[in-house]
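Asker: Quick one: this structure, given as structure tokens, is what I'll be asking you about.
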Amino acid sequence: MLLDRLDNIVDRSGYGLGWDVRPADVLKRNFWFCTIDDPATIDTRHRIGVENIMAEVDYPHGDSTWPDTQLVLEKAWGHIPPAELRAMCSENAARVFRHPLPPVVLPRD
């Protein structure tokens with residue numbers, strides 16, 4: 001993973017020692033990553049930062065998950081806690097693109 005590589009470069013070569021911020025921290029602060037059906041990546045989401053990951057559909061390209069995106073998400077991300085799912089499926093994109101989310105409608109009992 002790129003974050004590990006950046007940390008290794010600093011730790012082994014000394015490049016960047018003494019800087020206020022490590023290169024891996026700059027990457028996590030300034031970049032967002034899109035994925036959907038990449039199990040190895042999603043299972044490292046805490047290293048990357050859940051706040052830096054967004055669900056990807058890639059419509060209308062050939063590798064798009066549309067129109068089965070919700071099914072693909074359930075299969076690939078079904079084990080992820082609901083708060084993290086909300087962040088990666090809507091809240092992070094809303095924050096990055098400064099777009100308001102609609103109010104949450106809770107199901108009736």
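To be explicit about the labels: the chains of the structure tokens are called A, B, and onward in the order shown, and within each one the residues are counted from 1, while ligands get numbers from 1 in the order they are shown.
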Please give the complete set of residues from chain A that DSSP, run on the backbone, assigns to alpha helix (DSSP H), formatted as a VMD selection string.

Answerer: chain A and resid 2 to 13 23 to 30 39 to 42 45 to 48 69 to 77 82 to 86 92 to 96

Asker: Got a sec: who's within 6 Å of range 84-89 of chain A, counting only C-alpha atoms, leaving out chain neighbours fewer than 5 positions off, as a list in words?

Answerer: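 Surrounding residues, per the criterion: Ile53, Met54 and Ala55 of chain A.
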
Asker: Under the rule that only C-alpha atoms are counted, which of A:Asp63, A:Asp58, A:Asp109, A:Glu51 is the nearest residue to Ala83 in chain A?

Answerer: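 Nearest candidate to Ala83 in chain A out of A:Asp63, A:Asp58, A:Asp109, A:Glu51: A:Glu51.
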
Asker: Ranking A:Arg108, A:His99, A:His61, A:Arg47 by minimum distance to Ala24 in chain A and counting only C-alpha atoms, which one comes first?

Answerer: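 Of A:Arg108, A:His99, A:His61, A:Arg47, the one nearest Ala24 in chain A is A:Arg47, counting only C-alpha atoms.
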
Asker: Sorted by chain and rising residue number, list the residues of range 9-38 of chain A at most 8 Å from range 74-82 of chain A (counting only C-alpha atoms), each with its closest atom pair and distance in Å to one decimal, as a Markdown table.

Answerer:
```
| residue | atom | partner | partner_atom | distance |
| --- | --- | --- | --- | --- |
| A:Ile36 | CA | A:Ala76 | CA | 7.3 |
| A:Asp37 | CA | A:Ala76 | CA | 5.7 |
| A:Asp38 | CA | A:Ala76 | CA | 7.5 |
```

Asker: Extract the full set of strand (DSSP E or B) residues from chain A according to DSSP on the backbone, and format it as a list in words.

Answerer: Phe33, Cys34, Thr35, Ile53, Met54 and Ala55 of chain A

Asker: Enter the distance from CA of Val26 in chain A to CA of Leu3 in chain A, in Å, rounded to one decimal.

Answerer: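 Here the two named atoms are 9.9 Å from each other.
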
Asker: How many Å separate CA of Asn30 in chain A from CA of Val96 in chain A?

Answerer: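 We find that CA of Asn30 in chain A and CA of Val96 in chain A lie 10.5 Å from each other.
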